[in-house]
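Heads up, run_31.cif below (mmCIF, C-alpha atoms and all ligand atoms):
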data_model
#
loop_
_atom_site.label_atom_id
_atom_site.label_comp_id
_atom_site.auth_asym_id
_atom_site.auth_seq_id
_atom_site.Cartn_x
_atom_site.Cartn_y
_atom_site.Cartn_z
CA MET Q 1 -17.57 2.84 -105.40
CA THR Q 2 -15.23 -0.14 -105.87
CA ALA Q 3 -11.77 0.52 -107.25
CA ASN Q 4 -10.85 -0.60 -110.74
CA ALA Q 5 -8.31 -3.40 -110.19
CA GLU Q 6 -6.13 -2.08 -113.03
CA ASN Q 7 -5.54 1.14 -111.10
CA ILE Q 8 -4.19 -0.51 -107.98
CA ILE Q 9 -0.45 -0.40 -107.24
CA VAL Q 10 0.66 -4.03 -107.06
CA ARG Q 11 4.42 -3.74 -106.56
CA VAL Q 12 7.34 -1.33 -106.33
CA ALA Q 13 9.77 -1.50 -109.26
CA ALA Q 14 13.57 -1.55 -108.94
CA LYS Q 15 13.90 2.23 -109.32
CA GLY Q 16 11.25 2.87 -106.68
CA ASP Q 17 8.12 3.69 -108.71
CA GLY Q 18 4.92 1.90 -107.79
CA VAL Q 19 3.50 -0.15 -110.67
CA THR Q 20 -0.24 -0.56 -111.31
CA ALA Q 21 -1.78 -3.88 -112.27
CA ASP Q 22 -1.89 -2.66 -115.89
CA GLY Q 23 1.78 -1.64 -115.85
CA ARG Q 24 1.78 2.14 -115.27
CA HIS Q 25 4.62 3.54 -113.16
CA VAL Q 26 3.66 6.03 -110.41
CA ALA Q 27 6.31 7.77 -108.29
CA PHE Q 28 5.94 7.99 -104.49
CA SER Q 29 3.15 5.43 -104.32
CA ALA Q 30 2.81 2.28 -102.21
CA PRO Q 31 1.28 -1.17 -102.79
CA LEU Q 32 -2.56 -1.09 -102.69
CA ASP Q 33 -2.71 2.67 -103.41
CA GLU Q 34 -5.30 3.49 -106.05
CA VAL Q 35 -4.29 5.73 -108.95
CA LEU Q 36 -7.05 8.07 -110.09
CA ASP Q 37 -7.69 9.09 -113.71
CA ASP Q 38 -6.48 12.64 -112.97
CA GLY Q 39 -3.16 11.25 -111.63
CA GLY Q 40 -4.21 11.66 -107.98
CA LEU Q 41 -3.71 8.90 -105.44
CA ILE Q 42 -5.94 7.30 -102.85
CA LYS Q 43 -3.53 6.06 -100.22
CA GLY Q 44 -3.81 2.40 -99.26
CA PRO Q 45 -2.95 0.60 -96.01
CA HIS Q 46 0.81 0.45 -96.81
CA HIS Q 47 1.15 4.18 -97.48
CA VAL Q 48 2.56 6.02 -94.45
CA GLU Q 49 3.38 9.65 -93.75
CA PRO Q 50 7.07 10.17 -94.70
CA PRO Q 51 8.95 11.17 -91.54
CA CYS Q 52 11.31 13.67 -93.20
CA ARG Q 53 10.44 17.20 -94.30
CA HIS Q 54 12.85 16.88 -97.27
CA PHE Q 55 11.08 13.82 -98.70
CA LYS Q 56 10.69 14.00 -102.50
CA GLU Q 57 13.22 16.82 -102.96
CA CYS Q 58 16.19 15.02 -101.28
CA GLY Q 59 18.05 12.26 -103.13
CA GLY Q 60 18.93 10.50 -99.85
CA CYS Q 61 15.69 8.49 -99.55
CA SER Q 62 12.92 7.93 -102.06
CA LEU Q 63 10.75 5.27 -100.41
CA GLN Q 64 9.72 6.81 -97.09
CA GLN Q 65 6.06 6.46 -98.08
CA LEU Q 66 6.32 2.68 -97.70
CA ASP Q 67 5.43 1.03 -94.40
CA ALA Q 68 7.89 -1.46 -92.92
CA GLU Q 69 6.12 -4.45 -94.45
CA SER Q 70 6.05 -3.12 -98.00
CA TYR Q 71 9.66 -1.84 -97.81
CA ALA Q 72 10.78 -5.31 -96.66
CA GLN Q 73 8.80 -6.81 -99.55
CA PHE Q 74 10.52 -4.40 -101.96
CA VAL Q 75 13.95 -5.53 -100.70
CA THR Q 76 13.01 -9.20 -101.09
CA ASP Q 77 11.49 -8.61 -104.54
CA ARG Q 78 14.65 -6.86 -105.79
CA VAL Q 79 16.67 -9.96 -104.97
CA ASN Q 80 14.04 -12.42 -106.17
CA TYR Q 81 13.39 -10.73 -109.53
CA ALA Q 82 17.13 -10.51 -110.26
CA LEU Q 83 17.50 -14.24 -109.55
CA GLU Q 84 14.37 -15.18 -111.50
CA GLY Q 85 15.70 -13.17 -114.44
CA GLN Q 86 18.64 -15.60 -114.57
CA GLY Q 87 16.40 -18.64 -114.01
CA LEU Q 88 17.71 -19.19 -110.46
CA SER Q 89 16.00 -19.89 -107.17
CA PRO Q 90 17.79 -20.51 -103.88
CA THR Q 91 16.83 -23.43 -101.66
CA LYS Q 92 16.01 -20.86 -98.97
CA LEU Q 93 15.34 -17.13 -99.29
CA HIS Q 94 15.46 -15.58 -95.83
CA ALA Q 95 13.31 -12.70 -94.57
CA PRO Q 96 15.18 -9.43 -95.16
CA GLN Q 97 17.11 -7.60 -92.45
CA ILE Q 98 16.36 -3.88 -92.64
CA SER Q 99 18.53 -1.26 -90.94
CA LYS Q 100 16.99 1.09 -88.41
CA PRO Q 101 16.44 4.81 -89.02
CA LYS Q 102 19.28 7.17 -88.02
CA SER Q 103 21.89 4.43 -88.27
CA ARG Q 104 23.95 5.40 -91.34
CA VAL Q 105 27.60 5.86 -90.34
CA ARG Q 106 28.76 7.34 -93.66
CA ALA Q 107 27.39 10.24 -95.67
CA SER Q 108 28.52 12.20 -98.74
CA LEU Q 109 27.16 15.73 -98.92
CA ARG Q 110 27.63 18.84 -101.02
CA ALA Q 111 27.95 22.46 -99.99
CA ALA Q 112 27.88 25.71 -102.00
CA MET Q 113 26.63 29.28 -102.11
CA VAL Q 114 23.42 29.20 -104.15
CA GLY Q 115 22.57 32.84 -104.93
CA ASN Q 116 22.97 34.48 -101.55
CA ILE Q 117 22.14 31.37 -99.57
CA PHE Q 118 24.67 28.84 -98.37
CA LYS Q 119 23.44 25.26 -98.65
CA LEU Q 120 24.79 22.04 -97.21
CA GLY Q 121 23.15 18.66 -97.76
CA PHE Q 122 22.49 15.76 -100.10
CA SER Q 123 22.01 16.25 -103.83
CA GLY Q 124 18.37 16.59 -104.82
CA ALA Q 125 16.45 13.62 -106.17
CA GLY Q 126 17.45 13.27 -109.84
CA SER Q 127 18.97 16.76 -109.90
CA HIS Q 128 22.12 18.71 -109.18
CA ARG Q 129 20.41 20.96 -106.60
CA ILE Q 130 21.64 20.88 -103.01
CA VAL Q 131 18.97 20.18 -100.41
CA ASP Q 132 19.87 22.28 -97.38
CA LEU Q 133 19.60 19.61 -94.72
CA GLN Q 134 17.60 20.57 -91.62
CA GLN Q 135 16.54 17.05 -90.75
CA CYS Q 136 17.79 13.59 -91.60
CA GLU Q 137 16.09 10.33 -90.72
CA ILE Q 138 18.89 8.07 -91.97
CA MET Q 139 22.12 9.62 -90.69
CA HIS Q 140 23.52 8.57 -87.32
CA PRO Q 141 22.85 11.40 -84.80
CA GLU Q 142 26.60 11.87 -84.24
CA LEU Q 143 27.06 12.63 -87.93
CA PHE Q 144 24.00 14.85 -88.09
CA ALA Q 145 25.18 16.84 -85.07
CA VAL Q 146 28.11 18.09 -87.17
CA ILE Q 147 25.91 19.53 -89.94
CA ALA Q 148 24.81 22.77 -88.23
CA PRO Q 149 28.26 23.87 -86.97
CA LEU Q 150 29.83 22.80 -90.28
CA ARG Q 151 27.30 24.91 -92.18
CA THR Q 152 28.10 27.94 -90.01
CA PHE Q 153 31.83 27.44 -90.50
CA LEU Q 154 31.77 26.80 -94.24
CA GLN Q 155 29.36 29.67 -94.81
CA SER Q 156 31.97 32.01 -93.34
CA VAL Q 157 34.62 30.86 -95.82
CA ALA Q 158 32.53 29.93 -98.88
CA ARG Q 159 33.16 31.61 -102.21
CA ARG Q 160 30.69 31.94 -105.07
CA LYS Q 161 30.54 29.22 -107.75
CA HIS Q 162 32.60 26.95 -105.56
CA ASP Q 163 31.08 23.55 -104.86
CA MET Q 164 32.51 21.61 -101.94
CA ASN Q 165 32.08 17.90 -101.25
CA ILE Q 166 31.86 16.65 -97.71
CA GLU Q 167 32.47 13.08 -96.53
CA LEU Q 168 31.42 12.15 -93.01
CA THR Q 169 32.33 8.83 -91.41
CA LEU Q 170 31.72 7.72 -87.84
CA ALA Q 171 35.00 6.38 -86.43
CA ASP Q 172 35.79 5.03 -82.94
CA GLN Q 173 36.97 8.48 -81.83
CA GLY Q 174 34.04 10.43 -83.34
CA VAL Q 175 33.38 12.01 -86.72
CA ASP Q 176 35.98 11.78 -89.47
CA LEU Q 177 35.37 14.78 -91.76
CA LEU Q 178 36.86 15.24 -95.24
CA ILE Q 179 36.20 18.48 -97.12
CA LYS Q 180 37.00 18.46 -100.83
CA ASN Q 181 37.61 21.70 -102.68
CA TYR Q 182 38.16 24.12 -99.82
CA GLU Q 183 41.60 25.68 -99.51
CA PRO Q 184 42.26 28.04 -96.58
CA ASP Q 185 44.09 31.02 -98.05
CA SER Q 186 45.54 32.57 -94.90
CA LEU Q 187 47.03 31.58 -91.60
CA ASP Q 188 43.87 32.89 -89.90
CA GLN Q 189 41.72 30.55 -92.00
CA HIS Q 190 43.94 27.60 -91.11
CA GLN Q 191 43.59 28.50 -87.46
CA ALA Q 192 39.82 28.93 -87.78
CA LEU Q 193 39.61 25.47 -89.33
CA SER Q 194 41.47 23.86 -86.43
CA GLU Q 195 39.34 25.80 -83.92
CA PHE Q 196 36.19 24.61 -85.65
CA ALA Q 197 37.41 20.99 -85.48
CA GLN Q 198 38.34 21.30 -81.82
CA GLN Q 199 35.14 23.05 -80.73
CA THR Q 200 32.94 20.60 -82.66
CA GLY Q 201 34.79 17.58 -81.29
CA ILE Q 202 35.77 16.34 -84.75
CA ALA Q 203 38.02 13.24 -84.54
CA ARG Q 204 39.87 14.03 -87.79
CA LEU Q 205 39.51 16.85 -90.28
CA SER Q 206 41.14 16.60 -93.70
CA LEU Q 207 41.13 18.69 -96.86
CA ASP Q 208 41.46 17.44 -100.42
CA ASN Q 209 42.12 19.94 -103.18
CA GLY Q 210 42.75 17.49 -105.94
CA TYR Q 211 46.08 16.19 -104.68
CA GLY Q 212 44.72 13.66 -102.19
CA PRO Q 213 43.51 14.14 -98.61
CA GLU Q 214 45.71 16.06 -96.19
CA THR Q 215 44.98 15.77 -92.50
CA GLN Q 216 44.65 19.12 -90.72
CA TRP Q 217 43.45 17.92 -87.34
CA GLU Q 218 43.67 14.50 -85.68
CA PRO Q 219 44.37 14.67 -81.93
CA ASN Q 220 44.32 10.86 -81.68
CA PRO Q 221 44.83 8.33 -84.47
CA VAL Q 222 41.46 7.50 -86.00
CA THR Q 223 40.36 3.85 -86.05
CA VAL Q 224 37.32 1.70 -86.72
CA THR Q 225 36.87 -1.45 -84.66
CA LEU Q 226 36.11 -4.52 -86.79
CA GLY Q 227 35.48 -7.71 -84.84
CA ASN Q 228 37.35 -6.71 -81.71
CA VAL Q 229 40.26 -5.28 -83.64
CA PRO Q 230 40.91 -1.54 -84.00
CA VAL Q 231 41.94 -0.82 -87.60
CA ALA Q 232 43.51 2.49 -88.68
CA LEU Q 233 41.04 4.28 -90.96
CA PRO Q 234 42.58 5.49 -94.24
CA HIS Q 235 40.81 8.45 -95.88
CA SER Q 236 37.74 7.64 -97.98
CA SER Q 237 37.84 3.95 -97.08
CA PHE Q 238 34.98 1.61 -97.79
CA LEU Q 239 32.99 0.73 -94.65
CA GLN Q 240 29.63 -1.00 -94.29
CA SER Q 241 27.04 1.75 -93.91
CA THR Q 242 25.26 0.77 -90.69
CA ALA Q 243 26.20 -1.26 -87.62
CA ASP Q 244 23.05 -3.41 -87.76
CA GLY Q 245 23.42 -3.99 -91.51
CA LYS Q 246 27.05 -5.01 -91.02
CA ASP Q 247 26.00 -7.39 -88.22
CA ALA Q 248 23.37 -8.97 -90.49
CA LEU Q 249 25.94 -9.50 -93.26
CA ILE Q 250 28.42 -11.00 -90.78
CA ALA Q 251 25.85 -13.32 -89.17
CA ALA Q 252 24.88 -14.77 -92.56
CA MET Q 253 28.55 -15.05 -93.59
CA LEU Q 254 29.39 -16.95 -90.39
CA GLU Q 255 26.50 -19.32 -90.96
CA THR Q 256 27.72 -19.95 -94.50
CA VAL Q 257 31.36 -20.73 -93.69
CA GLY Q 258 30.51 -22.74 -90.54
CA ASP Q 259 33.63 -24.07 -88.83
CA THR Q 260 35.86 -23.96 -91.93
CA LYS Q 261 39.42 -23.30 -90.81
CA LEU Q 262 41.12 -21.95 -93.94
CA ILE Q 263 39.22 -19.12 -95.62
CA ALA Q 264 39.88 -16.57 -98.39
CA ASP Q 265 38.34 -13.10 -97.98
CA LEU Q 266 38.36 -11.47 -101.43
CA PHE Q 267 37.70 -7.72 -101.84
CA ALA Q 268 38.48 -7.61 -98.12
CA GLY Q 269 38.57 -3.81 -97.61
CA LEU Q 270 39.67 -3.02 -94.06
CA GLY Q 271 38.71 -6.51 -92.92
CA THR Q 272 35.02 -6.37 -91.97
CA PHE Q 273 34.74 -10.11 -92.61
CA SER Q 274 38.33 -11.21 -91.90
CA PHE Q 275 38.18 -9.81 -88.37
CA ALA Q 276 34.66 -11.16 -87.75
CA LEU Q 277 35.91 -14.72 -88.37
CA GLY Q 278 37.69 -14.90 -85.01
CA GLY Q 279 41.24 -15.83 -84.09
CA GLU Q 280 41.12 -19.61 -84.47
CA ARG Q 281 41.19 -19.71 -88.27
CA LYS Q 282 43.70 -18.91 -90.97
CA ILE Q 283 42.54 -16.16 -93.29
CA TYR Q 284 43.92 -14.98 -96.61
CA ALA Q 285 42.69 -11.44 -97.39
CA ALA Q 286 43.07 -9.86 -100.85
CA GLU Q 287 42.17 -6.27 -101.66
CA GLY Q 288 42.87 -3.76 -104.43
CA SER Q 289 43.27 -0.64 -102.29
CA ARG Q 290 46.83 -0.41 -101.01
CA ASP Q 291 45.85 1.81 -98.06
CA ALA Q 292 43.06 -0.53 -96.98
CA ILE Q 293 45.09 -3.75 -97.15
CA SER Q 294 48.03 -2.10 -95.34
CA ALA Q 295 45.70 -1.03 -92.53
CA LEU Q 296 44.21 -4.54 -92.36
CA LYS Q 297 47.67 -6.10 -92.28
CA SER Q 298 48.99 -3.83 -89.49
CA ALA Q 299 45.87 -4.36 -87.39
CA ALA Q 300 46.06 -8.15 -87.81
CA ASN Q 301 49.75 -8.15 -86.88
CA ILE Q 302 49.17 -6.08 -83.75
CA ALA Q 303 46.29 -8.38 -82.73
CA ARG Q 304 48.51 -11.42 -83.55
CA LEU Q 305 45.91 -12.92 -85.84
CA GLN Q 306 46.65 -15.39 -88.60
CA VAL Q 307 45.55 -13.13 -91.44
CA PHE Q 308 47.76 -13.23 -94.54
CA THR Q 309 47.27 -10.27 -96.81
CA GLU Q 310 47.85 -9.54 -100.48
CA HIS Q 311 47.52 -6.27 -102.33
CA ARG Q 312 45.96 -7.57 -105.51
CA ASP Q 313 43.79 -6.31 -108.34
CA LEU Q 314 41.22 -9.11 -108.51
CA TYR Q 315 39.76 -7.81 -111.76
CA ARG Q 316 43.06 -8.02 -113.61
CA ARG Q 317 44.53 -10.90 -111.65
CA PRO Q 318 41.79 -13.06 -110.11
CA LEU Q 319 42.84 -16.05 -108.01
CA SER Q 320 43.28 -19.13 -110.21
CA PRO Q 321 41.50 -22.45 -109.49
CA GLU Q 322 44.81 -23.84 -108.12
CA GLU Q 323 45.10 -20.93 -105.69
CA LEU Q 324 41.44 -21.17 -104.74
CA ASN Q 325 41.48 -24.92 -104.13
CA ARG Q 326 43.62 -24.42 -101.01
CA PHE Q 327 40.64 -22.92 -99.17
CA GLY Q 328 37.72 -24.60 -97.45
CA ALA Q 329 35.58 -21.51 -98.09
CA VAL Q 330 35.84 -18.33 -100.14
CA ILE Q 331 34.11 -15.10 -99.15
CA LEU Q 332 33.83 -12.41 -101.79
CA ASP Q 333 32.32 -8.94 -101.49
CA PRO Q 334 33.03 -7.10 -104.74
CA PRO Q 335 31.98 -3.58 -105.83
CA ARG Q 336 28.65 -3.00 -107.63
CA ALA Q 337 29.98 -4.29 -110.95
CA GLY Q 338 30.30 -7.77 -109.44
CA ALA Q 339 33.27 -10.07 -109.95
CA ARG Q 340 32.87 -11.63 -113.40
CA ASP Q 341 36.50 -12.73 -113.88
CA GLN Q 342 36.99 -14.01 -110.34
CA ILE Q 343 33.72 -15.92 -110.63
CA VAL Q 344 34.87 -17.62 -113.85
CA GLN Q 345 37.90 -18.89 -111.91
CA LEU Q 346 35.77 -19.93 -108.93
CA ALA Q 347 33.46 -21.82 -111.29
CA LYS Q 348 36.45 -23.91 -112.40
CA SER Q 349 37.54 -24.55 -108.79
CA GLU Q 350 36.68 -27.24 -106.26
CA VAL Q 351 36.12 -24.82 -103.34
CA PRO Q 352 33.37 -26.49 -101.25
CA LYS Q 353 31.71 -23.30 -99.91
CA ILE Q 354 31.36 -19.83 -101.40
CA CYS Q 355 29.86 -16.89 -99.55
CA TYR Q 356 29.10 -14.12 -102.07
CA ILE Q 357 28.14 -10.78 -100.50
CA SER Q 358 26.74 -8.31 -102.98
CA CYS Q 359 25.55 -4.69 -103.14
CA ASN Q 360 23.91 -5.20 -106.54
CA PRO Q 361 21.35 -7.99 -107.10
CA ALA Q 362 21.71 -7.70 -110.90
CA SER Q 363 25.47 -8.31 -111.12
CA PHE Q 364 25.13 -10.91 -108.36
CA ALA Q 365 22.49 -12.87 -110.31
CA ARG Q 366 24.69 -12.81 -113.42
CA ASP Q 367 27.65 -14.17 -111.42
CA ALA Q 368 25.45 -16.67 -109.56
CA LYS Q 369 24.33 -18.12 -112.88
CA THR Q 370 27.96 -18.74 -113.89
CA LEU Q 371 28.57 -20.61 -110.63
CA CYS Q 372 25.38 -22.66 -110.92
CA GLU Q 373 26.10 -23.60 -114.54
CA ALA Q 374 29.44 -24.95 -113.31
CA GLY Q 375 27.74 -27.22 -110.77
CA TYR Q 376 27.49 -25.04 -107.66
CA LYS Q 377 24.18 -25.03 -105.84
CA LEU Q 378 22.71 -21.75 -104.62
CA LYS Q 379 21.58 -22.74 -101.14
CA GLU Q 380 20.61 -19.66 -99.13
CA VAL Q 381 20.13 -15.96 -99.78
CA TRP Q 382 19.76 -13.30 -97.08
CA PRO Q 383 18.50 -9.93 -98.44
CA VAL Q 384 19.79 -6.94 -96.44
CA GLY Q 385 18.29 -3.44 -96.62
CA GLN Q 386 21.20 -1.49 -95.23
CA PHE Q 387 20.19 1.70 -97.05
CA LEU Q 388 16.77 2.16 -95.49
CA TRP Q 389 14.16 3.85 -97.74
CA SER Q 390 16.47 3.76 -100.75
CA THR Q 391 16.40 1.42 -103.74
CA HIS Q 392 19.86 0.16 -102.83
CA VAL Q 393 19.68 -3.51 -101.81
CA GLU Q 394 22.37 -5.89 -100.57
CA LEU Q 395 22.52 -9.61 -99.91
CA VAL Q 396 24.56 -12.52 -98.63
CA SER Q 397 24.44 -15.87 -100.40
CA SER Q 398 25.82 -19.36 -99.91
CA PHE Q 399 26.91 -21.74 -102.68
CA VAL Q 400 28.11 -25.29 -102.17
CA ARG Q 401 29.55 -28.04 -104.29
C1 LIG Z 1 31.94 -3.65 -101.29
S1 LIG Z 1 33.58 -3.25 -100.74
C2 LIG Z 1 33.82 -4.52 -99.55
C3 LIG Z 1 34.91 -4.30 -98.55
C4 LIG Z 1 34.90 -5.21 -97.34
N1 LIG Z 1 34.60 -6.58 -97.68
C5 LIG Z 1 33.95 -4.71 -96.28
O1 LIG Z 1 32.88 -5.31 -96.11
O2 LIG Z 1 34.25 -3.73 -95.61
C6 LIG Z 1 34.52 -3.73 -102.12
C7 LIG Z 1 36.01 -3.67 -101.94
O3 LIG Z 1 36.61 -4.08 -103.17
C8 LIG Z 1 37.77 -3.32 -103.37
N2 LIG Z 1 38.08 -3.38 -104.81
C9 LIG Z 1 37.55 -2.64 -105.81
N3 LIG Z 1 38.07 -3.01 -107.00
C10 LIG Z 1 38.95 -4.01 -106.73
C11 LIG Z 1 39.81 -4.81 -107.54
N4 LIG Z 1 39.85 -4.64 -108.86
N5 LIG Z 1 40.56 -5.74 -106.94
C12 LIG Z 1 40.53 -5.94 -105.61
N6 LIG Z 1 39.74 -5.20 -104.79
C13 LIG Z 1 38.97 -4.25 -105.34
C14 LIG Z 1 37.43 -1.95 -102.85
O4 LIG Z 1 38.60 -1.22 -102.53
C15 LIG Z 1 36.58 -2.30 -101.62
O5 LIG Z 1 37.39 -2.40 -100.48
#
What does the file become when written as structure tokens?
Amino acid sequence: MTANAENIIVRVAAKGDGVTADGRHVAFSAPLDEVLDDGGLIKGPHHVEPPCRHFKECGGCSLQQLDAESYAQFVTDRVNYALEGQGLSPTKLHAPQISKPKSRVRASLRAAMVGNIFKLGFSGAGSHRIVDLQQCEIMHPELFAVIAPLRTFLQSVARRKHDMNIELTLADQGVDLLIKNYEPDSLDQHQALSEFAQQTGIARLSLDNGYGPETQWEPNPVTVTLGNVPVALPHSSFLQSTADGKDALIAAMLETVGDTKLIADLFAGLGTFSFALGGERKIYAAEGSRDAISALKSAANIARLQVFTEHRDLYRRPLSPEELNRFGAVILDPPRAGARDQIVQLAKSEVPKICYISCNPASFARDAKTLCEAGYKLKEVWPVGQFLWSTHVELVSSFVR
């Protein structure tokens, strides 16, 4: 029997549902699957066996049923649809760069006693449940190796109705672990915590009970190397999520700025882009987190690089056109909300090259439209799928005037 064309999944929508030719949304489907009248699915050539046992219940990934080709198409479509929605099309839309499995260097987990069972893992898909993580296809193996001993340790100190949040980050020295909402209540518990950190080879262990992170264990100062520069890692800092994703963002950024000598790096964080630009240029880096910009500044000073830093809230006090016009290129990498006010100022500027790096195609497309209406040309866009199997899509773009 031939399939009814209306029942065939033709694309994957922004939130991850497959969409049939006649517009029905079907969760956990893939392009060319056929949806049956009873809601069942005949899997098509792009539908693969999800590699993780927690698929569907875990909120970490929702698109593991897609093969590599259809996931790459999803990433491209997310960027394309957002641009089309604003009536924009770049001169060149590159093929997407997708991060490899088991490459995520940051993870936020939850832990709690649920009934009589202690659970540690990601939040469930669309729910508050904790998925007790026995397998993870996205986390870097060094992060995942901490899960089992951490579960054993926290289980021994957990109290009922007491949710803990866990942040794991892979630093140069190993795993940086922050536990929120666990307070040792005896000297023995403090000692047990340090023993756990030592035996597990944790690089830094910190606790946060609502008053900010306090380091309990850090045998050597924790750093992340950006470019070739070791940068001290403040607690809960922003870092790109995978090494290959970061490399893809940097490669596109370098192509965009070319050999420009004087560059502004806005929303600079710890300096992912500033330090990738090499030592021959002059960089101005602005960032709203005091801890991050201090770490960037110290690292640049020690490495004797020409990076000039400013602690600045770019939402309240964006750079003016006069300030911007000093630069041959401006890089900006704002949070998900985008950079509406800074973009309005950039639109009034004469900056010849803009490299906009975004973690949200929708806010990016809105900002891109403002630039294009002011005479900038959207030249190239590089989609980047740094959060493999999730609906989270990033991109690098180049604008010229
Ligand atoms: C997507 S991250 C990019 C960081 C850095 N470019 C990187 O790749 O590692 C966005 C950065 O914007 C900073 N930020 C958030 N709100 C800000 C504001 N109002 N003004 C300046 N920086 C801000 C955050 O602290 C964070 O470092």
Practice task
With all atoms listed in the file counted, collect every polymer residue having an atom within 7 Å of ligand LIG 1 (chain Z); state the result as an NGL selection string.
Solution key: :Q and (238-240 or 267-273 or 286-289 or 292 or 312-316 or 333-335 or 359)
Exercise for the section: Find the residues near Ile343 (chain Q): any atom within 12 Å, counting only C-alpha atoms, skip ones fewer than 2 places away on the same chain, and give them as a PyMOL selection string. Expected result: chain Q and resi 266+314-315+317-321+324+330-334+338-341+345-349+351+354-356+363-374+376+399
Practice task
Name the residues in contact with region 156-167 of chain Q at a cut-off of 6 Å, using only C-alpha atoms, excluding same-chain residues fewer than 4 positions from it; report them as a list in words.
Solution key: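 Listed by chain and then number, they are Ala107, Ser108, Leu109, Arg110, Ala111, Ala112, Met113, Leu177, Leu178, Ile179, Lys180 and Asn181 of chain Q.
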Print the selection's residues with C-alpha atoms to a file, as a JSON list (two decimals), in the frame of the given file.
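Final output, out25.json:
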[["chain", "number", "residue", "atom", "x", "y", "z"],
["Q", 107, "ALA", "CA", 27.39, 10.24, -95.67],
["Q", 108, "SER", "CA", 28.52, 12.20, -98.74],
["Q", 109, "LEU", "CA", 27.16, 15.73, -98.92],
["Q", 110, "ARG", "CA", 27.63, 18.84, -101.02],
["Q", 111, "ALA", "CA", 27.95, 22.46, -99.99],
["Q", 112, "ALA", "CA", 27.88, 25.71, -102.00],
["Q", 113, "MET", "CA", 26.63, 29.28, -102.11],
["Q", 177, "LEU", "CA", 35.37, 14.78, -91.76],
["Q", 178, "LEU", "CA", 36.86, 15.24, -95.24],
["Q", 179, "ILE", "CA", 36.20, 18.48, -97.12],
["Q", 180, "LYS", "CA", 37.00, 18.46, -100.83],
["Q", 181, "ASN", "CA", 37.61, 21.70, -102.68]]
Problem - Test item: residues at most 10 Å from Ile42 (chain Q), only C-alpha atoms, excluding those fewer than 6 positions along its chain, as a ChimeraX atom specification - result: /Q:3,8,29,32-36
Exercise for the section: Using all atoms listed in the file, find the one residue out of Q:Ala125, Q:Val79, Q:Ala148, Q:Leu63 that sits nearest to His46 (chain Q). Expected result: Q:Leu63
Problem - Thr309 (chain Q) surroundings by all atoms listed in the file, 9 Å radius, close-in-sequence under 3 positions cut, as an MDAnalysis selection string - result: chainID Q and resid 283:287 293:294 296:297
Grab the residues selected above and save them as a PDB file, in the frame of the given file with C-alpha atoms.
ATOM      1  CA  ILE Q 283      42.540 -16.160 -93.290  1.00  0.00           C
ATOM      2  CA  TYR Q 284      43.920 -14.980 -96.610  1.00  0.00           C
ATOM      3  CA  ALA Q 285      42.690 -11.440 -97.390  1.00  0.00           C
ATOM      4  CA  ALA Q 286      43.070  -9.860-100.850  1.00  0.00           C
ATOM      5  CA  GLU Q 287      42.170  -6.270-101.660  1.00  0.00           C
ATOM      6  CA  ILE Q 293      45.090  -3.750 -97.150  1.00  0.00           C
ATOM      7  CA  SER Q 294      48.030  -2.100 -95.340  1.00  0.00           C
ATOM      8  CA  LEU Q 296      44.210  -4.540 -92.360  1.00  0.00           C
ATOM      9  CA  LYS Q 297      47.670  -6.100 -92.280  1.00  0.00           C
TER      10      LYS Q 297
END
Practice task
Between Q:Pro96, Q:Gly126, Q:Pro101, Q:Gly115, single out the one closest to Lys56 (chain Q), counting only C-alpha atoms.
Solution key: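 Closest candidate: Q:Gly126.
With all atoms listed in the file taken into account, the protein and nucleic acid residues at most 9 Å from Gln134 (chain Q) (excluding it and anything under 2 positions from it in its own chain) are Q:Arg53, Q:His54, Q:Gly121, Q:Val131, Q:Asp132, Q:Cys136, Q:Ile147, Q:Ala148.
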Exercise for the section: Select, counting all atoms listed in the file, all protein, DNA and RNA residues no farther than 12 Å from (4.7, 0.9, -95.0) in file coordinates, and express the selection as a ChimeraX atom specification. Expected result: /Q:12,28-33,43-51,63-74,389
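Take the candidates Q:Asp77, Q:Glu137, Q:Asp247, Q:Glu218 and check each one against Gly201 (chain Q) using all atoms listed in the file; the shortest distance goes to Q:Glu218.
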Exercise for the section: Figure out the distance between CA of Asp172 (chain Q) and CA of Cys61 (chain Q), please, to one decimal in Å. Expected result: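 One can read the CA of Cys61 (chain Q) to CA of Asp172 (chain Q) distance as 26.3 Å.
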Exercise for the section: Please measure the separation of CA of Thr200 (chain Q) and CA of Gly124 (chain Q), giving the value in Å to one decimal. Expected result: 26.8 Å
Exercise for the section: Measure the distance from CA of Arg106 (chain Q) to CA of Ser390 (chain Q) in Å and round it to one decimal. Expected result: 14.6 Å
Problem - Counting all atoms listed in the file, the residue of Q:Ala95, Q:Val222, Q:Ala5, Q:Ala243 that sits nearest Glu380 (chain Q) - result: Q:Ala95
Handout entry: Residue among Q:Ser274, Q:Ser127, Q:Ser241, Q:Thr215 lying closest to Gln386 (chain Q), counting all atoms listed in the file
Key =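 Checking each candidate against Gln386 (chain Q), we get Q:Ser241 as the closest.
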Practice task
Return the single residue from Q:Asp38, Q:Gly23, Q:Phe122, Q:Ala171 that is closest to Cys58 (chain Q), with distances computed using only C-alpha atoms.
Solution key: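 Result for the nearest residue to Cys58 (chain Q): Q:Phe122.
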